[in-house]
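Structure below is coords29.txt: compact mmCIF, N, CA and C atoms.
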# COMPACT_ATOMS: atom_id res chain seq x y z
N MET I 13 0.05 -26.30 -6.20
CA MET I 13 -0.95 -25.63 -5.40
C MET I 13 -1.43 -24.39 -6.13
N ALA I 14 -2.69 -24.08 -5.97
CA ALA I 14 -3.29 -22.92 -6.62
C ALA I 14 -3.50 -21.80 -5.59
N ARG I 15 -3.31 -20.60 -6.04
CA ARG I 15 -3.57 -19.44 -5.19
C ARG I 15 -5.02 -19.02 -5.37
N LYS I 16 -5.68 -18.71 -4.24
CA LYS I 16 -7.06 -18.26 -4.27
C LYS I 16 -7.14 -16.90 -3.59
N ARG I 17 -7.73 -15.94 -4.30
CA ARG I 17 -7.91 -14.60 -3.74
C ARG I 17 -9.06 -14.61 -2.74
N LEU I 18 -8.82 -14.02 -1.59
CA LEU I 18 -9.87 -13.91 -0.58
C LEU I 18 -10.37 -12.48 -0.43
N ILE I 19 -9.47 -11.54 -0.50
CA ILE I 19 -9.82 -10.15 -0.17
C ILE I 19 -9.04 -9.22 -1.09
N ILE I 20 -9.71 -8.15 -1.52
CA ILE I 20 -9.02 -7.04 -2.19
C ILE I 20 -9.51 -5.77 -1.50
N GLU I 21 -8.58 -5.01 -0.97
CA GLU I 21 -8.89 -3.75 -0.32
C GLU I 21 -8.22 -2.62 -1.09
N MET I 22 -8.89 -1.48 -1.18
CA MET I 22 -8.35 -0.32 -1.89
C MET I 22 -8.16 0.84 -0.93
N GLY I 23 -7.17 1.68 -1.24
CA GLY I 23 -6.93 2.83 -0.39
C GLY I 23 -6.29 3.97 -1.15
N MET I 24 -6.30 5.14 -0.52
CA MET I 24 -5.70 6.34 -1.07
C MET I 24 -4.82 6.98 -0.01
N GLY I 25 -3.71 7.56 -0.43
CA GLY I 25 -2.82 8.25 0.48
C GLY I 25 -2.27 9.50 -0.15
N VAL I 26 -2.05 10.52 0.68
CA VAL I 26 -1.59 11.83 0.21
C VAL I 26 -0.37 12.27 1.01
N ASP I 27 0.60 12.85 0.32
CA ASP I 27 1.67 13.59 0.99
C ASP I 27 1.50 15.04 0.57
N GLN I 28 0.95 15.86 1.48
CA GLN I 28 0.69 17.26 1.16
C GLN I 28 1.94 18.11 1.20
N HIS I 29 2.89 17.72 2.03
CA HIS I 29 4.12 18.50 2.18
C HIS I 29 5.29 17.54 2.23
N GLY I 30 6.33 17.85 1.51
CA GLY I 30 7.52 17.03 1.53
C GLY I 30 7.81 16.35 0.21
N GLN I 31 6.77 16.21 -0.62
CA GLN I 31 6.94 15.64 -1.96
C GLN I 31 7.61 14.27 -1.90
N GLU I 32 7.13 13.41 -1.01
CA GLU I 32 7.68 12.06 -0.82
C GLU I 32 6.70 11.02 -1.34
N PRO I 33 6.97 10.41 -2.49
CA PRO I 33 6.06 9.38 -2.98
C PRO I 33 5.98 8.17 -2.04
N THR I 34 7.02 7.91 -1.27
CA THR I 34 6.98 6.80 -0.30
C THR I 34 5.92 7.07 0.76
N VAL I 35 5.83 8.30 1.21
CA VAL I 35 4.83 8.66 2.22
C VAL I 35 3.43 8.48 1.67
N ALA I 36 3.18 8.98 0.46
CA ALA I 36 1.86 8.83 -0.15
C ALA I 36 1.52 7.35 -0.36
N ALA I 37 2.47 6.56 -0.84
CA ALA I 37 2.24 5.13 -1.08
C ALA I 37 1.97 4.39 0.23
N SER I 38 2.74 4.67 1.26
CA SER I 38 2.55 4.02 2.56
C SER I 38 1.19 4.36 3.14
N ARG I 39 0.79 5.60 3.01
CA ARG I 39 -0.53 6.01 3.51
C ARG I 39 -1.66 5.34 2.74
N ALA I 40 -1.47 5.14 1.44
CA ALA I 40 -2.48 4.46 0.64
C ALA I 40 -2.65 3.01 1.08
N VAL I 41 -1.54 2.34 1.33
CA VAL I 41 -1.60 0.95 1.80
C VAL I 41 -2.22 0.89 3.19
N ARG I 42 -1.81 1.79 4.07
CA ARG I 42 -2.38 1.82 5.43
C ARG I 42 -3.88 2.07 5.37
N ASN I 43 -4.32 2.97 4.49
CA ASN I 43 -5.73 3.26 4.32
C ASN I 43 -6.49 2.02 3.83
N ALA I 44 -5.87 1.26 2.94
CA ALA I 44 -6.52 0.07 2.40
C ALA I 44 -6.76 -0.99 3.46
N ILE I 45 -5.88 -1.11 4.43
CA ILE I 45 -6.01 -2.17 5.44
C ILE I 45 -6.53 -1.67 6.77
N ALA I 46 -6.83 -0.40 6.88
CA ALA I 46 -7.14 0.22 8.17
C ALA I 46 -8.38 -0.33 8.86
N HIS I 47 -9.37 -0.73 8.12
CA HIS I 47 -10.64 -1.09 8.74
C HIS I 47 -11.06 -2.51 8.39
N ASN I 48 -10.13 -3.42 8.49
CA ASN I 48 -10.50 -4.81 8.23
C ASN I 48 -9.91 -5.73 9.29
N ALA I 49 -10.56 -6.84 9.44
CA ALA I 49 -10.08 -7.93 10.28
C ALA I 49 -10.19 -9.18 9.41
N LEU I 50 -9.28 -10.09 9.55
CA LEU I 50 -9.22 -11.23 8.64
C LEU I 50 -9.40 -12.58 9.33
N PRO I 51 -10.39 -12.73 10.21
CA PRO I 51 -10.55 -14.05 10.84
C PRO I 51 -10.91 -15.13 9.83
N GLY I 52 -11.56 -14.76 8.75
CA GLY I 52 -11.92 -15.74 7.73
C GLY I 52 -10.72 -16.36 7.07
N VAL I 53 -9.65 -15.58 6.95
CA VAL I 53 -8.43 -16.13 6.36
C VAL I 53 -7.94 -17.29 7.20
N TRP I 54 -7.98 -17.11 8.50
CA TRP I 54 -7.54 -18.17 9.41
C TRP I 54 -8.53 -19.32 9.42
N GLU I 55 -9.81 -18.99 9.62
CA GLU I 55 -10.82 -20.02 9.86
C GLU I 55 -11.21 -20.78 8.59
N VAL I 56 -11.47 -20.07 7.52
CA VAL I 56 -11.92 -20.72 6.30
C VAL I 56 -10.77 -21.36 5.54
N ALA I 57 -9.66 -20.65 5.46
CA ALA I 57 -8.52 -21.16 4.69
C ALA I 57 -7.68 -22.14 5.51
N GLY I 58 -7.90 -22.19 6.81
CA GLY I 58 -7.19 -23.16 7.64
C GLY I 58 -5.73 -22.82 7.87
N LEU I 59 -5.41 -21.55 7.96
CA LEU I 59 -4.02 -21.16 8.22
C LEU I 59 -3.70 -21.27 9.70
N SER I 60 -2.48 -21.61 9.99
CA SER I 60 -2.06 -21.69 11.39
C SER I 60 -1.19 -20.50 11.78
N ASN I 61 -0.79 -19.69 10.80
CA ASN I 61 0.08 -18.55 11.06
C ASN I 61 -0.25 -17.45 10.05
N PRO I 62 -0.34 -16.19 10.49
CA PRO I 62 -0.70 -15.12 9.56
C PRO I 62 0.33 -14.89 8.45
N ASN I 63 1.54 -15.34 8.66
CA ASN I 63 2.55 -15.17 7.62
C ASN I 63 2.39 -16.17 6.47
N GLN I 64 1.42 -17.06 6.59
CA GLN I 64 1.09 -17.95 5.48
C GLN I 64 0.27 -17.23 4.41
N MET I 65 -0.33 -16.10 4.77
CA MET I 65 -1.07 -15.31 3.78
C MET I 65 -0.11 -14.77 2.73
N ILE I 66 -0.58 -14.69 1.53
CA ILE I 66 0.18 -14.04 0.46
C ILE I 66 -0.46 -12.68 0.27
N VAL I 67 0.33 -11.63 0.36
CA VAL I 67 -0.21 -10.27 0.26
C VAL I 67 0.47 -9.57 -0.92
N GLU I 68 -0.32 -9.31 -1.94
CA GLU I 68 0.18 -8.63 -3.13
C GLU I 68 -0.32 -7.19 -3.11
N VAL I 69 0.60 -6.26 -3.18
CA VAL I 69 0.28 -4.84 -3.12
C VAL I 69 0.61 -4.20 -4.46
N GLN I 70 -0.32 -3.44 -4.97
CA GLN I 70 -0.12 -2.68 -6.20
C GLN I 70 -0.40 -1.22 -5.88
N VAL I 71 0.56 -0.34 -6.21
CA VAL I 71 0.42 1.08 -5.92
C VAL I 71 0.71 1.88 -7.18
N ALA I 72 -0.18 2.81 -7.48
CA ALA I 72 0.04 3.78 -8.54
C ALA I 72 0.33 5.12 -7.87
N VAL I 73 1.50 5.68 -8.17
CA VAL I 73 1.96 6.87 -7.47
C VAL I 73 2.83 7.70 -8.42
N PRO I 74 2.80 9.03 -8.28
CA PRO I 74 3.75 9.83 -9.05
C PRO I 74 5.18 9.49 -8.62
N TYR I 75 6.09 9.48 -9.55
CA TYR I 75 7.51 9.23 -9.29
C TYR I 75 7.75 7.86 -8.62
N PRO I 76 7.22 6.77 -9.18
CA PRO I 76 7.37 5.46 -8.53
C PRO I 76 8.83 5.03 -8.35
N GLU I 77 9.71 5.53 -9.18
CA GLU I 77 11.12 5.15 -9.06
C GLU I 77 11.76 5.69 -7.78
N LYS I 78 11.11 6.64 -7.11
CA LYS I 78 11.65 7.21 -5.88
C LYS I 78 11.11 6.53 -4.62
N VAL I 79 10.19 5.59 -4.79
CA VAL I 79 9.56 4.94 -3.63
C VAL I 79 10.54 3.96 -2.98
N ARG I 80 10.64 4.05 -1.67
CA ARG I 80 11.42 3.11 -0.88
C ARG I 80 10.50 1.93 -0.54
N GLN I 81 10.65 0.87 -1.31
CA GLN I 81 9.69 -0.23 -1.26
C GLN I 81 9.59 -0.89 0.11
N GLU I 82 10.71 -1.06 0.78
CA GLU I 82 10.69 -1.73 2.08
C GLU I 82 9.85 -0.96 3.10
N GLU I 83 9.82 0.37 2.99
CA GLU I 83 9.01 1.18 3.91
C GLU I 83 7.52 1.00 3.64
N VAL I 84 7.15 0.87 2.39
CA VAL I 84 5.75 0.65 2.04
C VAL I 84 5.30 -0.72 2.54
N LEU I 85 6.09 -1.75 2.30
CA LEU I 85 5.73 -3.09 2.74
C LEU I 85 5.73 -3.23 4.26
N ALA I 86 6.48 -2.40 4.95
CA ALA I 86 6.52 -2.45 6.42
C ALA I 86 5.18 -2.07 7.05
N VAL I 87 4.32 -1.41 6.29
CA VAL I 87 2.99 -1.07 6.78
C VAL I 87 2.17 -2.33 7.06
N LEU I 88 2.44 -3.39 6.31
CA LEU I 88 1.69 -4.64 6.45
C LEU I 88 2.28 -5.46 7.59
N PRO I 89 1.46 -5.85 8.58
CA PRO I 89 2.00 -6.56 9.73
C PRO I 89 2.36 -8.02 9.46
N PHE I 90 1.71 -8.66 8.48
CA PHE I 90 1.91 -10.08 8.26
C PHE I 90 1.93 -10.39 6.77
N GLY I 91 2.34 -11.60 6.46
CA GLY I 91 2.20 -12.12 5.12
C GLY I 91 3.49 -12.20 4.34
N GLN I 92 3.40 -12.95 3.25
CA GLN I 92 4.46 -13.02 2.26
C GLN I 92 4.16 -11.90 1.28
N LYS I 93 4.88 -10.79 1.40
CA LYS I 93 4.52 -9.53 0.76
C LYS I 93 5.29 -9.28 -0.52
N THR I 94 4.57 -8.76 -1.51
CA THR I 94 5.21 -8.26 -2.73
C THR I 94 4.58 -6.92 -3.07
N LEU I 95 5.37 -6.09 -3.75
CA LEU I 95 4.91 -4.75 -4.12
C LEU I 95 5.19 -4.52 -5.59
N THR I 96 4.16 -4.06 -6.28
CA THR I 96 4.29 -3.63 -7.66
C THR I 96 3.96 -2.15 -7.71
N LEU I 97 4.89 -1.37 -8.25
CA LEU I 97 4.70 0.08 -8.37
C LEU I 97 4.50 0.45 -9.82
N GLU I 98 3.64 1.42 -10.03
CA GLU I 98 3.46 1.94 -11.38
C GLU I 98 3.21 3.43 -11.31
N SER I 99 3.49 4.08 -12.41
CA SER I 99 3.27 5.52 -12.49
C SER I 99 1.77 5.79 -12.53
N GLY I 100 1.32 6.67 -11.70
CA GLY I 100 -0.10 6.99 -11.64
C GLY I 100 -0.39 7.90 -10.48
N GLY I 101 -1.59 7.78 -9.94
CA GLY I 101 -1.98 8.69 -8.88
C GLY I 101 -2.18 10.07 -9.45
N MET I 102 -1.90 11.08 -8.66
CA MET I 102 -2.06 12.46 -9.10
C MET I 102 -1.00 13.35 -8.48
N VAL I 103 -0.71 14.42 -9.19
CA VAL I 103 0.07 15.52 -8.64
C VAL I 103 -0.87 16.72 -8.66
N VAL I 104 -1.10 17.29 -7.48
CA VAL I 104 -2.00 18.44 -7.34
C VAL I 104 -1.18 19.61 -6.83
N GLN I 105 -1.42 20.76 -7.39
CA GLN I 105 -0.69 21.94 -6.96
C GLN I 105 -1.26 22.45 -5.64
N GLY I 106 -0.41 22.46 -4.62
CA GLY I 106 -0.80 22.96 -3.31
C GLY I 106 -0.09 24.27 -3.03
N ARG I 107 0.46 24.37 -1.86
CA ARG I 107 1.19 25.57 -1.47
C ARG I 107 2.45 25.15 -0.74
N ALA I 108 3.59 25.58 -1.25
CA ALA I 108 4.87 25.28 -0.59
C ALA I 108 4.99 26.12 0.68
N ILE I 109 5.36 25.44 1.76
CA ILE I 109 5.56 26.11 3.05
C ILE I 109 7.00 25.82 3.48
N PRO I 110 7.85 26.83 3.45
CA PRO I 110 9.26 26.62 3.76
C PRO I 110 9.50 25.95 5.13
N GLU I 111 8.68 26.28 6.13
CA GLU I 111 8.86 25.71 7.47
C GLU I 111 8.60 24.19 7.48
N LEU I 112 7.93 23.68 6.45
CA LEU I 112 7.68 22.24 6.35
C LEU I 112 8.65 21.56 5.39
N ASN I 113 9.69 22.27 5.01
CA ASN I 113 10.74 21.76 4.12
C ASN I 113 10.22 21.35 2.74
N ASP I 114 9.18 22.03 2.28
CA ASP I 114 8.68 21.75 0.94
C ASP I 114 9.72 22.12 -0.10
N GLN I 115 9.84 21.25 -1.09
CA GLN I 115 10.74 21.52 -2.22
C GLN I 115 10.01 22.29 -3.31
N ASN I 116 8.69 22.12 -3.38
CA ASN I 116 7.85 22.80 -4.36
C ASN I 116 6.41 22.75 -3.85
N ASP I 117 5.45 23.11 -4.69
CA ASP I 117 4.06 23.15 -4.24
C ASP I 117 3.26 21.90 -4.62
N GLU I 118 3.94 20.80 -4.94
CA GLU I 118 3.23 19.58 -5.32
C GLU I 118 2.71 18.80 -4.11
N MET I 119 1.47 18.33 -4.23
CA MET I 119 0.91 17.34 -3.31
C MET I 119 0.81 16.04 -4.10
N LEU I 120 1.28 14.96 -3.53
CA LEU I 120 1.30 13.67 -4.22
C LEU I 120 0.18 12.77 -3.69
N ILE I 121 -0.58 12.19 -4.61
CA ILE I 121 -1.68 11.30 -4.26
C ILE I 121 -1.40 9.93 -4.85
N ALA I 122 -1.48 8.90 -4.01
CA ALA I 122 -1.26 7.51 -4.44
C ALA I 122 -2.53 6.72 -4.22
N ILE I 123 -2.72 5.69 -5.04
CA ILE I 123 -3.81 4.74 -4.83
C ILE I 123 -3.21 3.34 -4.71
N ALA I 124 -3.86 2.51 -3.90
CA ALA I 124 -3.31 1.18 -3.66
C ALA I 124 -4.42 0.13 -3.70
N ALA I 125 -4.05 -1.05 -4.12
CA ALA I 125 -4.90 -2.24 -4.00
C ALA I 125 -4.07 -3.29 -3.28
N VAL I 126 -4.64 -3.85 -2.23
CA VAL I 126 -3.98 -4.88 -1.43
C VAL I 126 -4.81 -6.15 -1.56
N THR I 127 -4.20 -7.18 -2.12
CA THR I 127 -4.90 -8.45 -2.34
C THR I 127 -4.31 -9.52 -1.41
N VAL I 128 -5.20 -10.22 -0.71
CA VAL I 128 -4.78 -11.31 0.17
C VAL I 128 -5.19 -12.62 -0.50
N LEU I 129 -4.20 -13.49 -0.64
CA LEU I 129 -4.42 -14.80 -1.26
C LEU I 129 -3.92 -15.89 -0.32
N VAL I 130 -4.38 -17.12 -0.57
CA VAL I 130 -3.88 -18.28 0.17
C VAL I 130 -3.60 -19.39 -0.83
N GLU I 131 -2.69 -20.25 -0.45
CA GLU I 131 -2.39 -21.44 -1.27
C GLU I 131 -3.42 -22.51 -0.90
N GLN I 132 -4.04 -23.10 -1.92
CA GLN I 132 -5.02 -24.16 -1.72
C GLN I 132 -4.68 -25.31 -2.65
N SER I 133 -4.81 -26.52 -2.15
CA SER I 133 -4.52 -27.67 -3.03
C SER I 133 -5.78 -28.12 -3.75

How does the structure come out when it is put into structure tokens?
Amino acid sequence: MARKRLIIEMGMGVDQHGQEPTVAASRAVRNAIAHNALPGVWEVAGLSNPNQMIVEVQVAVPYPEKVRQEEVLAVLPFGQKTLTLESGGMVVQGRAIPELNDQNDEMLIAIAAVTVLVEQS
């Protein structure tokens, strides 16, 4: 069976306080899928269950080795999910606020691409 790409959505996410790359990555994925509906996946591809979709997520984020992958994938409600992380995004100097438990003044920015594919014979 061959995989066919149906949709690619892009998003950006920021963690302004807390220096958590998982938060920035999760927000980027959520942003990528926030304004879409996928009836075509069901109707055109002939799926009977949303978990038949294959969802490939690629995220570029500072400190990718610190990302808790299961939390990022939990943003996606359906599908056979995979996550690829790479070093990227941005680190921007913000302002550390002790009351927000900042470790330093870094703001982390992540970018994500979410691709939906289906198996076709």

Please, what is the axis-aligned box for every listed atom of range 110-114 of chain I with 5 Å on each side, as centre and edge lengths in Å to one decimal, as AutoDock Vina command-line options?
--center_x 9.2 --center_y 24.1 --center_z 3.7 --size_x 13.1 --size_y 15.5 --size_z 17.6

Item to check | d(atom N of Leu129 in chain I, CA of Ser38 in chain I) in Å | outcome: 19.0 Å

Next on the checklist: Applying 6 Å and all atoms listed in the file, which residues near Met119 in chain I remain after dropping the ones on its own chain fewer than 5 positions away? List them as a list in words.
Outcome noted: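 That gives Asp27, Gln28, His29, Met102, Val103, Val104, Gln105 and Gly106 of chain I.
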
Could you give me, as JSON lines, a per-residue list for range 16-78 of chain I showing, wherever an atom lies at most 7 Å from an atom of range 83-95 of chain I, the closest pair of atoms and their distance in Å to one decimal, using only C-alpha atoms and sorting by chain then residue number from low to high?
{"residue": "I:Thr34", "atom": "CA", "partner": "I:Val84", "partner_atom": "CA", "distance": 6.7}
{"residue": "I:Ala37", "atom": "CA", "partner": "I:Val84", "partner_atom": "CA", "distance": 6.5}
{"residue": "I:Ser38", "atom": "CA", "partner": "I:Val84", "partner_atom": "CA", "distance": 4.7}
{"residue": "I:Arg42", "atom": "CA", "partner": "I:Val87", "partner_atom": "CA", "distance": 6.2}
{"residue": "I:Pro62", "atom": "CA", "partner": "I:Phe90", "partner_atom": "CA", "distance": 5.8}
{"residue": "I:Asn63", "atom": "CA", "partner": "I:Gly91", "partner_atom": "CA", "distance": 4.0}
{"residue": "I:Gln64", "atom": "CA", "partner": "I:Gly91", "partner_atom": "CA", "distance": 5.9}
{"residue": "I:Met65", "atom": "CA", "partner": "I:Gly91", "partner_atom": "CA", "distance": 4.8}
{"residue": "I:Ile66", "atom": "CA", "partner": "I:Gln92", "partner_atom": "CA", "distance": 4.8}
{"residue": "I:Val67", "atom": "CA", "partner": "I:Lys93", "partner_atom": "CA", "distance": 4.8}
{"residue": "I:Glu68", "atom": "CA", "partner": "I:Thr94", "partner_atom": "CA", "distance": 5.1}
{"residue": "I:Val69", "atom": "CA", "partner": "I:Leu95", "partner_atom": "CA", "distance": 4.7}
{"residue": "I:Gln70", "atom": "CA", "partner": "I:Leu95", "partner_atom": "CA", "distance": 5.8}

Item to check | From I:Glu55, I:Glu77, I:Asp114, I:Glu21, residue lying nearest Glu98 in chain I [only N, CA and C atoms] | outcome: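 Between I:Glu55, I:Glu77, I:Asp114, I:Glu21, the residue approaching Glu98 in chain I most closely is I:Glu77.
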
Checklist entry - What are the DSSP strand (DSSP E or B) residues of chain I, as an MDAnalysis selection string? => result chainID I and resid 14:27 66:73 92:99 102:105 118:132

Checklist entry - Distance CA of Gln115 in chain I-atom N of Met24 in chain I, one decimal place? => result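 Going from CA of Gln115 in chain I over to atom N of Met24 in chain I, I get 23.7 Å.
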